[in-house]
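Text of the file coords34.cif, holding mmCIF, N, CA and C atoms:
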```cif
data_my_file
#
loop_
_atom_site.label_atom_id
_atom_site.label_comp_id
_atom_site.auth_asym_id
_atom_site.auth_seq_id
_atom_site.Cartn_x
_atom_site.Cartn_y
_atom_site.Cartn_z
N MET A 267 113.33 112.17 102.69
CA MET A 267 113.95 112.84 101.58
C MET A 267 112.86 113.36 100.65
N PRO A 268 112.96 114.61 100.25
CA PRO A 268 111.96 115.15 99.32
C PRO A 268 111.91 114.34 98.02
N LEU A 269 110.72 114.32 97.43
CA LEU A 269 110.49 113.51 96.24
C LEU A 269 111.41 113.91 95.09
N LEU A 270 111.61 115.20 94.87
CA LEU A 270 112.48 115.63 93.76
C LEU A 270 113.92 115.15 93.93
N GLU A 271 114.40 115.12 95.17
CA GLU A 271 115.76 114.62 95.41
C GLU A 271 115.83 113.12 95.11
N GLN A 272 114.80 112.39 95.54
CA GLN A 272 114.75 110.95 95.28
C GLN A 272 114.71 110.68 93.78
N ILE A 273 113.93 111.46 93.06
CA ILE A 273 113.82 111.29 91.61
C ILE A 273 115.15 111.60 90.94
N GLN A 274 115.85 112.62 91.41
CA GLN A 274 117.16 112.96 90.84
C GLN A 274 118.14 111.80 91.03
N LYS A 275 118.16 111.21 92.23
CA LYS A 275 119.04 110.07 92.49
C LYS A 275 118.67 108.89 91.60
N ASP A 276 117.37 108.64 91.45
CA ASP A 276 116.91 107.54 90.60
C ASP A 276 117.27 107.78 89.14
N MET A 277 117.24 109.04 88.73
CA MET A 277 117.58 109.37 87.35
C MET A 277 119.07 109.08 87.10
N VAL A 278 119.92 109.44 88.03
CA VAL A 278 121.34 109.17 87.89
C VAL A 278 121.59 107.65 87.85
N ALA A 279 120.90 106.92 88.73
CA ALA A 279 121.05 105.46 88.77
C ALA A 279 120.59 104.84 87.45
N ALA A 280 119.49 105.33 86.89
CA ALA A 280 118.98 104.80 85.62
C ALA A 280 119.95 105.11 84.48
N MET A 281 120.57 106.28 84.53
CA MET A 281 121.57 106.62 83.49
C MET A 281 122.77 105.68 83.57
N LYS A 282 123.24 105.44 84.79
CA LYS A 282 124.40 104.57 84.97
C LYS A 282 124.09 103.14 84.53
N ALA A 283 122.85 102.70 84.81
CA ALA A 283 122.45 101.34 84.46
C ALA A 283 122.02 101.22 83.00
N LYS A 284 121.95 102.35 82.31
CA LYS A 284 121.49 102.41 80.91
C LYS A 284 120.10 101.80 80.75
N ASP A 285 119.25 102.08 81.74
CA ASP A 285 117.85 101.61 81.74
C ASP A 285 116.99 102.71 81.11
N GLU A 286 116.75 102.57 79.81
CA GLU A 286 116.06 103.62 79.04
C GLU A 286 114.63 103.86 79.52
N LEU A 287 113.88 102.79 79.81
CA LEU A 287 112.49 102.94 80.23
C LEU A 287 112.41 103.68 81.56
N ARG A 288 113.19 103.22 82.53
CA ARG A 288 113.17 103.87 83.86
C ARG A 288 113.61 105.33 83.74
N LEU A 289 114.63 105.59 82.95
CA LEU A 289 115.12 106.95 82.76
C LEU A 289 114.02 107.83 82.16
N SER A 290 113.33 107.30 81.18
CA SER A 290 112.24 108.04 80.55
C SER A 290 111.13 108.37 81.55
N VAL A 291 110.76 107.39 82.36
CA VAL A 291 109.68 107.59 83.35
C VAL A 291 110.11 108.59 84.41
N VAL A 292 111.33 108.46 84.90
CA VAL A 292 111.80 109.37 85.95
C VAL A 292 111.90 110.80 85.42
N ARG A 293 112.35 110.94 84.18
CA ARG A 293 112.40 112.29 83.59
C ARG A 293 111.00 112.87 83.44
N MET A 294 110.05 112.03 83.03
CA MET A 294 108.67 112.49 82.87
C MET A 294 108.11 112.98 84.22
N ILE A 295 108.35 112.21 85.28
CA ILE A 295 107.87 112.59 86.61
C ILE A 295 108.51 113.91 87.04
N LYS A 296 109.83 114.00 86.86
CA LYS A 296 110.53 115.22 87.27
C LYS A 296 110.01 116.43 86.50
N THR A 297 109.79 116.26 85.21
CA THR A 297 109.28 117.35 84.38
C THR A 297 107.90 117.79 84.85
N ALA A 298 107.02 116.84 85.14
CA ALA A 298 105.67 117.18 85.60
C ALA A 298 105.72 117.93 86.92
N LEU A 299 106.57 117.45 87.84
CA LEU A 299 106.68 118.12 89.15
C LEU A 299 107.25 119.53 89.01
N LYS A 300 108.31 119.67 88.22
CA LYS A 300 108.92 120.98 88.04
C LYS A 300 107.95 121.95 87.35
N LYS A 301 107.22 121.45 86.36
CA LYS A 301 106.25 122.30 85.66
C LYS A 301 105.20 122.82 86.64
N HIS A 302 104.70 121.93 87.49
CA HIS A 302 103.69 122.35 88.46
C HIS A 302 104.28 123.35 89.45
N GLU A 303 105.53 123.13 89.84
CA GLU A 303 106.19 124.04 90.77
C GLU A 303 106.36 125.42 90.15
N VAL A 304 106.76 125.47 88.88
CA VAL A 304 106.95 126.76 88.19
C VAL A 304 105.60 127.45 87.97
N ASP A 305 104.59 126.67 87.57
CA ASP A 305 103.27 127.26 87.35
C ASP A 305 102.68 127.85 88.63
N ALA A 306 102.89 127.15 89.75
CA ALA A 306 102.34 127.62 91.03
C ALA A 306 103.20 128.71 91.66
N MET A 307 104.42 128.85 91.20
CA MET A 307 105.37 129.83 91.71
C MET A 307 105.61 129.68 93.22
N LYS A 308 105.62 128.45 93.68
CA LYS A 308 105.97 128.17 95.07
C LYS A 308 106.43 126.71 95.16
N PRO A 309 107.20 126.38 96.18
CA PRO A 309 107.70 125.00 96.31
C PRO A 309 106.54 124.01 96.49
N LEU A 310 106.77 122.79 96.03
CA LEU A 310 105.75 121.76 96.14
C LEU A 310 105.68 121.21 97.56
N ASP A 311 104.46 120.96 98.02
CA ASP A 311 104.32 120.25 99.29
C ASP A 311 103.96 118.80 98.95
N GLU A 312 103.91 117.96 99.95
CA GLU A 312 103.71 116.53 99.72
C GLU A 312 102.36 116.24 99.07
N ALA A 313 101.33 116.95 99.48
CA ALA A 313 100.00 116.72 98.91
C ALA A 313 99.98 117.06 97.42
N THR A 314 100.64 118.14 97.05
CA THR A 314 100.70 118.54 95.64
C THR A 314 101.49 117.53 94.82
N GLU A 315 102.59 117.03 95.39
CA GLU A 315 103.37 116.01 94.70
C GLU A 315 102.52 114.77 94.44
N MET A 316 101.76 114.35 95.43
CA MET A 316 100.91 113.17 95.27
C MET A 316 99.82 113.43 94.22
N GLN A 317 99.30 114.65 94.19
CA GLN A 317 98.29 115.01 93.21
C GLN A 317 98.85 114.92 91.79
N VAL A 318 100.07 115.41 91.60
CA VAL A 318 100.71 115.36 90.27
C VAL A 318 100.94 113.90 89.88
N LEU A 319 101.43 113.08 90.81
CA LEU A 319 101.67 111.67 90.50
C LEU A 319 100.37 110.94 90.20
N ASN A 320 99.31 111.26 90.93
CA ASN A 320 98.01 110.63 90.65
C ASN A 320 97.50 111.02 89.27
N THR A 321 97.76 112.24 88.85
CA THR A 321 97.37 112.68 87.51
C THR A 321 98.12 111.86 86.46
N LEU A 322 99.41 111.65 86.68
CA LEU A 322 100.20 110.84 85.76
C LEU A 322 99.68 109.41 85.70
N LEU A 323 99.31 108.86 86.86
CA LEU A 323 98.75 107.50 86.90
C LEU A 323 97.46 107.42 86.09
N LYS A 324 96.60 108.40 86.29
CA LYS A 324 95.32 108.41 85.58
C LYS A 324 95.55 108.47 84.06
N GLN A 325 96.50 109.29 83.64
CA GLN A 325 96.82 109.39 82.21
C GLN A 325 97.29 108.04 81.67
N ARG A 326 98.13 107.35 82.44
CA ARG A 326 98.63 106.05 81.98
C ARG A 326 97.51 105.03 81.89
N ARG A 327 96.61 105.02 82.87
CA ARG A 327 95.49 104.06 82.84
C ARG A 327 94.60 104.31 81.62
N GLU A 328 94.34 105.57 81.34
CA GLU A 328 93.52 105.89 80.16
C GLU A 328 94.22 105.47 78.88
N SER A 329 95.54 105.66 78.83
CA SER A 329 96.31 105.27 77.64
C SER A 329 96.26 103.77 77.44
N VAL A 330 96.38 103.01 78.53
CA VAL A 330 96.33 101.55 78.43
C VAL A 330 95.00 101.12 77.83
N ASP A 331 93.91 101.70 78.32
CA ASP A 331 92.58 101.36 77.78
C ASP A 331 92.48 101.69 76.30
N MET A 332 92.95 102.86 75.93
CA MET A 332 92.86 103.28 74.53
C MET A 332 93.72 102.39 73.62
N PHE A 333 94.92 102.06 74.07
CA PHE A 333 95.79 101.20 73.26
C PHE A 333 95.21 99.80 73.11
N ARG A 334 94.60 99.29 74.19
CA ARG A 334 93.99 97.95 74.10
C ARG A 334 92.80 97.97 73.15
N LYS A 335 92.00 99.02 73.21
CA LYS A 335 90.86 99.12 72.29
C LYS A 335 91.32 99.25 70.85
N GLY A 336 92.48 99.86 70.65
CA GLY A 336 93.02 100.06 69.31
C GLY A 336 93.87 98.89 68.83
N GLY A 337 94.00 97.84 69.65
CA GLY A 337 94.76 96.68 69.25
C GLY A 337 96.26 96.87 69.30
N ARG A 338 96.74 97.79 70.11
CA ARG A 338 98.18 98.06 70.22
C ARG A 338 98.70 97.54 71.57
N GLU A 339 98.77 96.24 71.68
CA GLU A 339 99.15 95.59 72.94
C GLU A 339 100.56 95.98 73.40
N GLU A 340 101.51 96.12 72.47
CA GLU A 340 102.88 96.46 72.86
C GLU A 340 102.95 97.83 73.51
N LEU A 341 102.16 98.78 73.02
CA LEU A 341 102.14 100.11 73.63
C LEU A 341 101.42 100.08 74.98
N ALA A 342 100.38 99.25 75.08
CA ALA A 342 99.67 99.11 76.35
C ALA A 342 100.60 98.54 77.42
N GLN A 343 101.43 97.58 77.04
CA GLN A 343 102.37 96.99 78.00
C GLN A 343 103.42 98.01 78.44
N LYS A 344 103.86 98.84 77.52
CA LYS A 344 104.83 99.89 77.87
C LYS A 344 104.21 100.87 78.88
N GLU A 345 102.96 101.25 78.63
CA GLU A 345 102.27 102.17 79.55
C GLU A 345 102.08 101.53 80.92
N GLU A 346 101.77 100.22 80.95
CA GLU A 346 101.61 99.53 82.23
C GLU A 346 102.92 99.49 83.00
N ALA A 347 104.02 99.30 82.29
CA ALA A 347 105.33 99.32 82.95
C ALA A 347 105.60 100.70 83.55
N GLU A 348 105.26 101.75 82.81
CA GLU A 348 105.42 103.11 83.33
C GLU A 348 104.55 103.32 84.55
N LEU A 349 103.33 102.80 84.49
CA LEU A 349 102.38 102.93 85.60
C LEU A 349 102.97 102.33 86.88
N LYS A 350 103.57 101.15 86.77
CA LYS A 350 104.15 100.49 87.94
C LYS A 350 105.31 101.31 88.52
N MET A 351 106.10 101.92 87.64
CA MET A 351 107.22 102.73 88.12
C MET A 351 106.73 103.99 88.83
N ILE A 352 105.67 104.59 88.32
CA ILE A 352 105.12 105.79 88.97
C ILE A 352 104.54 105.42 90.32
N GLU A 353 103.86 104.28 90.40
CA GLU A 353 103.25 103.84 91.66
C GLU A 353 104.30 103.63 92.75
N ALA A 354 105.52 103.33 92.36
CA ALA A 354 106.59 103.10 93.34
C ALA A 354 106.88 104.37 94.15
N TYR A 355 106.56 105.54 93.61
CA TYR A 355 106.81 106.80 94.31
C TYR A 355 105.64 107.22 95.20
N LEU A 356 104.54 106.50 95.14
CA LEU A 356 103.37 106.84 95.94
C LEU A 356 103.33 105.99 97.20
N PRO A 357 102.66 106.47 98.24
CA PRO A 357 102.52 105.66 99.45
C PRO A 357 101.65 104.43 99.16
N ALA A 358 101.71 103.47 100.03
CA ALA A 358 100.95 102.23 99.86
C ALA A 358 99.45 102.50 99.89
N ASN A 359 98.69 101.66 99.19
CA ASN A 359 97.24 101.77 99.21
C ASN A 359 96.72 101.41 100.59
N ALA A 360 95.64 102.05 100.99
CA ALA A 360 94.98 101.71 102.24
C ALA A 360 94.31 100.35 102.07
N SER A 361 94.46 99.47 103.06
CA SER A 361 93.86 98.14 102.98
C SER A 361 92.35 98.25 103.23
N ASP A 362 91.64 97.18 102.93
CA ASP A 362 90.20 97.16 103.16
C ASP A 362 89.87 97.38 104.64
N GLU A 363 90.68 96.77 105.51
CA GLU A 363 90.45 96.93 106.95
C GLU A 363 90.65 98.39 107.38
N GLU A 364 91.68 99.02 106.83
CA GLU A 364 91.93 100.43 107.16
C GLU A 364 90.81 101.32 106.66
N LEU A 365 90.30 101.03 105.46
CA LEU A 365 89.17 101.80 104.93
C LEU A 365 87.94 101.64 105.82
N ASP A 366 87.63 100.39 106.19
CA ASP A 366 86.46 100.14 107.04
C ASP A 366 86.62 100.82 108.40
N ALA A 367 87.80 100.74 108.97
CA ALA A 367 88.04 101.36 110.28
C ALA A 367 87.89 102.88 110.20
N ALA A 368 88.43 103.47 109.13
CA ALA A 368 88.34 104.92 108.96
C ALA A 368 86.89 105.36 108.77
N VAL A 369 86.13 104.60 108.00
CA VAL A 369 84.72 104.94 107.78
C VAL A 369 83.94 104.82 109.08
N ALA A 370 84.17 103.74 109.82
CA ALA A 370 83.46 103.54 111.09
C ALA A 370 83.81 104.67 112.07
N ALA A 371 85.07 105.03 112.15
CA ALA A 371 85.49 106.11 113.06
C ALA A 371 84.90 107.45 112.62
N ALA A 372 84.85 107.68 111.32
CA ALA A 372 84.30 108.94 110.80
C ALA A 372 82.80 109.03 111.09
N ILE A 373 82.08 107.92 110.95
CA ILE A 373 80.64 107.92 111.24
C ILE A 373 80.41 108.18 112.73
N ALA A 374 81.21 107.54 113.57
CA ALA A 374 81.08 107.76 115.01
C ALA A 374 81.41 109.20 115.38
N GLU A 375 82.44 109.75 114.75
CA GLU A 375 82.88 111.11 115.04
C GLU A 375 81.85 112.15 114.62
N THR A 376 81.26 111.96 113.43
CA THR A 376 80.31 112.94 112.92
C THR A 376 78.88 112.69 113.39
N GLY A 377 78.61 111.48 113.84
CA GLY A 377 77.25 111.15 114.27
C GLY A 377 76.28 111.05 113.10
N ALA A 378 76.78 110.78 111.92
CA ALA A 378 75.95 110.71 110.72
C ALA A 378 75.06 109.46 110.76
N THR A 379 73.82 109.65 110.30
CA THR A 379 72.89 108.52 110.26
C THR A 379 72.21 108.38 108.91
N THR A 380 72.25 109.41 108.10
CA THR A 380 71.55 109.35 106.81
C THR A 380 72.54 109.55 105.66
N ALA A 381 72.10 109.17 104.48
CA ALA A 381 72.93 109.29 103.29
C ALA A 381 73.20 110.75 102.94
N LYS A 382 72.35 111.66 103.42
CA LYS A 382 72.54 113.08 103.14
C LYS A 382 73.79 113.63 103.82
N GLN A 383 74.26 112.94 104.85
CA GLN A 383 75.44 113.39 105.59
C GLN A 383 76.72 112.72 105.09
N ARG A 384 76.64 112.10 103.91
CA ARG A 384 77.77 111.37 103.36
C ARG A 384 79.00 112.26 103.17
N GLY A 385 78.81 113.50 102.77
CA GLY A 385 79.92 114.41 102.55
C GLY A 385 80.74 114.64 103.82
N LEU A 386 80.06 114.81 104.94
CA LEU A 386 80.76 114.99 106.21
C LEU A 386 81.59 113.76 106.55
N VAL A 387 80.99 112.60 106.36
CA VAL A 387 81.69 111.34 106.68
C VAL A 387 82.89 111.16 105.75
N MET A 388 82.71 111.47 104.46
CA MET A 388 83.81 111.33 103.50
C MET A 388 84.99 112.21 103.91
N LYS A 389 84.70 113.45 104.28
CA LYS A 389 85.76 114.38 104.66
C LYS A 389 86.50 113.87 105.89
N ALA A 390 85.76 113.40 106.88
CA ALA A 390 86.38 112.89 108.10
C ALA A 390 87.19 111.62 107.82
N ALA A 391 86.67 110.74 106.97
CA ALA A 391 87.37 109.49 106.65
C ALA A 391 88.65 109.78 105.88
N GLN A 392 88.60 110.74 104.97
CA GLN A 392 89.81 111.10 104.22
C GLN A 392 90.88 111.67 105.15
N ALA A 393 90.46 112.42 106.15
CA ALA A 393 91.42 112.96 107.12
C ALA A 393 92.07 111.82 107.90
N LYS A 394 91.30 110.79 108.22
CA LYS A 394 91.83 109.65 108.97
C LYS A 394 92.81 108.83 108.12
N LEU A 395 92.64 108.86 106.81
CA LEU A 395 93.49 108.10 105.90
C LEU A 395 94.62 108.93 105.31
N ALA A 396 94.92 110.07 105.92
CA ALA A 396 95.98 110.94 105.41
C ALA A 396 97.29 110.17 105.39
N GLY A 397 98.04 110.32 104.31
CA GLY A 397 99.31 109.62 104.17
C GLY A 397 99.18 108.28 103.48
N LYS A 398 97.96 107.82 103.28
CA LYS A 398 97.71 106.56 102.57
C LYS A 398 97.02 106.89 101.27
N ARG A 399 97.28 106.07 100.27
CA ARG A 399 96.59 106.24 99.00
C ARG A 399 95.27 105.50 99.08
N ARG A 400 94.24 106.10 98.54
CA ARG A 400 92.94 105.43 98.52
C ARG A 400 92.17 105.91 97.32
N GLY A 401 91.32 105.05 96.83
CA GLY A 401 90.45 105.43 95.73
C GLY A 401 89.24 106.14 96.29
N GLY A 402 88.91 107.28 95.75
CA GLY A 402 87.74 108.02 96.22
C GLY A 402 86.46 107.24 96.02
N LYS A 403 86.38 106.50 94.93
CA LYS A 403 85.18 105.71 94.65
C LYS A 403 85.03 104.59 95.67
N ALA A 404 86.12 103.91 95.99
CA ALA A 404 86.06 102.82 96.97
C ALA A 404 85.62 103.35 98.33
N LEU A 405 86.16 104.48 98.72
CA LEU A 405 85.79 105.08 100.00
C LEU A 405 84.33 105.51 99.97
N SER A 406 83.90 106.13 98.88
CA SER A 406 82.52 106.58 98.75
C SER A 406 81.55 105.40 98.81
N ASP A 407 81.90 104.31 98.14
CA ASP A 407 81.03 103.12 98.16
C ASP A 407 80.88 102.57 99.56
N ARG A 408 81.97 102.54 100.32
CA ARG A 408 81.91 102.03 101.70
C ARG A 408 81.05 102.93 102.59
N VAL A 409 81.22 104.25 102.42
CA VAL A 409 80.42 105.19 103.22
C VAL A 409 78.94 105.03 102.88
N ARG A 410 78.64 104.91 101.60
CA ARG A 410 77.25 104.76 101.15
C ARG A 410 76.66 103.47 101.73
N ALA A 411 77.42 102.40 101.72
CA ALA A 411 76.93 101.10 102.24
C ALA A 411 76.66 101.19 103.74
N LYS A 412 77.52 101.87 104.47
CA LYS A 412 77.36 101.97 105.94
C LYS A 412 76.17 102.87 106.32
N LEU A 413 75.93 103.91 105.50
CA LEU A 413 74.88 104.86 105.86
C LEU A 413 73.50 104.46 105.35
N SER A 414 73.43 103.47 104.49
CA SER A 414 72.09 103.10 103.98
C SER A 414 71.53 101.89 104.67
#
```

Would you kindly transcribe this structure into structure tokens?
Amino acid sequence: MPLLEQIQKDMVAAMKAKDELRLSVVRMIKTALKKHEVDAMKPLDEATEMQVLNTLLKQRRESVDMFRKGGREELAQKEEAELKMIEAYLPANASDEELDAAVAAAIAETGATTAKQRGLVMKAAQAKLAGKRRGGKALSDRVRAKLS
């Protein structure tokens, strides 16, 4: 089921349950997706949807840090709750074993032996992890460790 349809169903369910926080988060996600769709003037594909959701996650993480630094714990907790709800729409994180396997396969595929070839390995590893969420930094660190 397309993400926008799922979000619409979740929005109706949140309205019926009178769950204000969930309704707010689902509306925010839908608004961000629709805005991106209108700005691009073409339907969203799965990669674009994930990119928009990752942007929302990054914004929430930054907000949590800022609220904690400012001594506003109640707002930080609200942002963390929103963060968890947004993560529910994303695919599962790649496990450490999956990351290691993808990096090893990418190195074997590209024949990379030096750190200068890290970009090639990163691109191949990301292709192997398509459909899974992964942190670019975590993947980069693993590639760097294997090539040095």

Need to verify the contact set: Ile352 (chain A), 10 Å, only C-alpha atoms, exclusion of same-chain residues closer than 4 positions in sequence. Can you return it as a PyMOL selection string? chain A and resi 288+291-292+294-295+319-320+322-323+326+346-348+356

Keeping N, CA and C atoms, export the residues of the selection given above as a PDB file, in the frame of the given file.
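Written out: again.pdb:
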```
ATOM      1  N   ARG A 288     113.190 103.220  82.530  1.00  0.00           N
ATOM      2  CA  ARG A 288     113.170 103.870  83.860  1.00  0.00           C
ATOM      3  C   ARG A 288     113.610 105.330  83.740  1.00  0.00           C
ATOM      4  N   VAL A 291     110.760 107.390  82.360  1.00  0.00           N
ATOM      5  CA  VAL A 291     109.680 107.590  83.350  1.00  0.00           C
ATOM      6  C   VAL A 291     110.110 108.590  84.410  1.00  0.00           C
ATOM      7  N   VAL A 292     111.330 108.460  84.900  1.00  0.00           N
ATOM      8  CA  VAL A 292     111.800 109.370  85.950  1.00  0.00           C
ATOM      9  C   VAL A 292     111.900 110.800  85.420  1.00  0.00           C
ATOM     10  N   MET A 294     110.050 112.030  83.030  1.00  0.00           N
ATOM     11  CA  MET A 294     108.670 112.490  82.870  1.00  0.00           C
ATOM     12  C   MET A 294     108.110 112.980  84.220  1.00  0.00           C
ATOM     13  N   ILE A 295     108.350 112.210  85.280  1.00  0.00           N
ATOM     14  CA  ILE A 295     107.870 112.590  86.610  1.00  0.00           C
ATOM     15  C   ILE A 295     108.510 113.910  87.040  1.00  0.00           C
ATOM     16  N   LEU A 319     101.430 113.080  90.810  1.00  0.00           N
ATOM     17  CA  LEU A 319     101.670 111.670  90.500  1.00  0.00           C
ATOM     18  C   LEU A 319     100.370 110.940  90.200  1.00  0.00           C
ATOM     19  N   ASN A 320      99.310 111.260  90.930  1.00  0.00           N
ATOM     20  CA  ASN A 320      98.010 110.630  90.650  1.00  0.00           C
ATOM     21  C   ASN A 320      97.500 111.020  89.270  1.00  0.00           C
ATOM     22  N   LEU A 322      99.410 111.650  86.680  1.00  0.00           N
ATOM     23  CA  LEU A 322     100.200 110.840  85.760  1.00  0.00           C
ATOM     24  C   LEU A 322      99.680 109.410  85.700  1.00  0.00           C
ATOM     25  N   LEU A 323      99.310 108.860  86.860  1.00  0.00           N
ATOM     26  CA  LEU A 323      98.750 107.500  86.900  1.00  0.00           C
ATOM     27  C   LEU A 323      97.460 107.420  86.090  1.00  0.00           C
ATOM     28  N   ARG A 326      98.130 107.350  82.440  1.00  0.00           N
ATOM     29  CA  ARG A 326      98.630 106.050  81.980  1.00  0.00           C
ATOM     30  C   ARG A 326      97.510 105.030  81.890  1.00  0.00           C
ATOM     31  N   GLU A 346     101.770 100.220  80.950  1.00  0.00           N
ATOM     32  CA  GLU A 346     101.610  99.530  82.230  1.00  0.00           C
ATOM     33  C   GLU A 346     102.920  99.490  83.000  1.00  0.00           C
ATOM     34  N   ALA A 347     104.020  99.300  82.290  1.00  0.00           N
ATOM     35  CA  ALA A 347     105.330  99.320  82.950  1.00  0.00           C
ATOM     36  C   ALA A 347     105.600 100.700  83.550  1.00  0.00           C
ATOM     37  N   GLU A 348     105.260 101.750  82.810  1.00  0.00           N
ATOM     38  CA  GLU A 348     105.420 103.110  83.330  1.00  0.00           C
ATOM     39  C   GLU A 348     104.550 103.320  84.550  1.00  0.00           C
ATOM     40  N   LEU A 356     104.540 106.500  95.140  1.00  0.00           N
ATOM     41  CA  LEU A 356     103.370 106.840  95.940  1.00  0.00           C
ATOM     42  C   LEU A 356     103.330 105.990  97.200  1.00  0.00           C
TER      43      LEU A 356
END
```

Do you know which residues the PyMOL selection byres ((chain A and resi 369) around 8) returns on this file, as a PyMOL selection string? chain A and resi 363-368+370-375+387-388+390-392+394-395+405+408-409+412

Using all atoms listed in the file, which of the listed residues (A:Gly337, A:Leu269, A:Lys389, A:Met351) sits closest to Glu312 (chain A)? A:Leu269

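Here CA of Ala360 (chain A) and CA of Glu345 (chain A) stand 23.8 Å from one another.
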
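Counting from atom C of Val278 (chain A), the distance to CA of Leu299 (chain A) is 18.3 Å.
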
Need the axis-aligned box for region 317-322 of chain A with 4 Å each side, so what are the centre and edges in Å to one decimal, as lines of an AutoDock Vina configuration file?
```
center_x = 99.5
center_y = 112.4
center_z = 89.9
size_x = 12.3
size_y = 14.0
size_z = 16.5
```

Could you find all residues in chain A that DSSP calls alpha helix (DSSP H) from the backbone, and write them as JSON, numbers by chain? {"A": [269, 270, 271, 272, 273, 274, 275, 276, 277, 278, 279, 280, 281, 282, 283, 286, 287, 288, 289, 290, 291, 292, 293, 294, 295, 296, 297, 298, 299, 300, 301, 302, 303, 304, 305, 306, 312, 313, 314, 315, 316, 317, 318, 319, 320, 321, 322, 323, 324, 325, 326, 327, 328, 329, 330, 331, 332, 333, 334, 335, 339, 340, 341, 342, 343, 344, 345, 346, 347, 348, 349, 350, 351, 352, 353, 362, 363, 364, 365, 366, 367, 368, 369, 370, 371, 372, 373, 374, 375, 376, 384, 385, 386, 387, 388, 389, 390, 391, 392, 393, 394, 402, 403, 404, 405, 406, 407, 408, 409, 410, 411, 412, 413]}

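In this structure, atom N of Ala283 (chain A) sits 24.5 Å away from atom C of Lys300 (chain A).
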
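Shortest separation to Ala396 (chain A) among A:Leu287, A:Ala358, A:Val318, A:Leu349 occurs at residue A:Ala358, atoms counted being only C-alpha atoms.
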
Going by the chain IDs and residue numbers used in this file, which residues fall under the PyMOL selection byres ((chain A and resi 330) around 7)? Write them as number ranges by chain. A: 325-329, 331-335, 341-343, 345-346

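For the residues A:Ser290, A:Gln383, A:Tyr355, A:Thr314, ranking by smallest atom-to-atom distance to Glu271 (chain A) using only C-alpha atoms places A:Tyr355 first.
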
Measuring atom to atom with only N, CA and C atoms, identify which of A:Lys308, A:Lys350, A:Lys296, A:Lys301 is nearest to Gln274 (chain A). A:Lys296
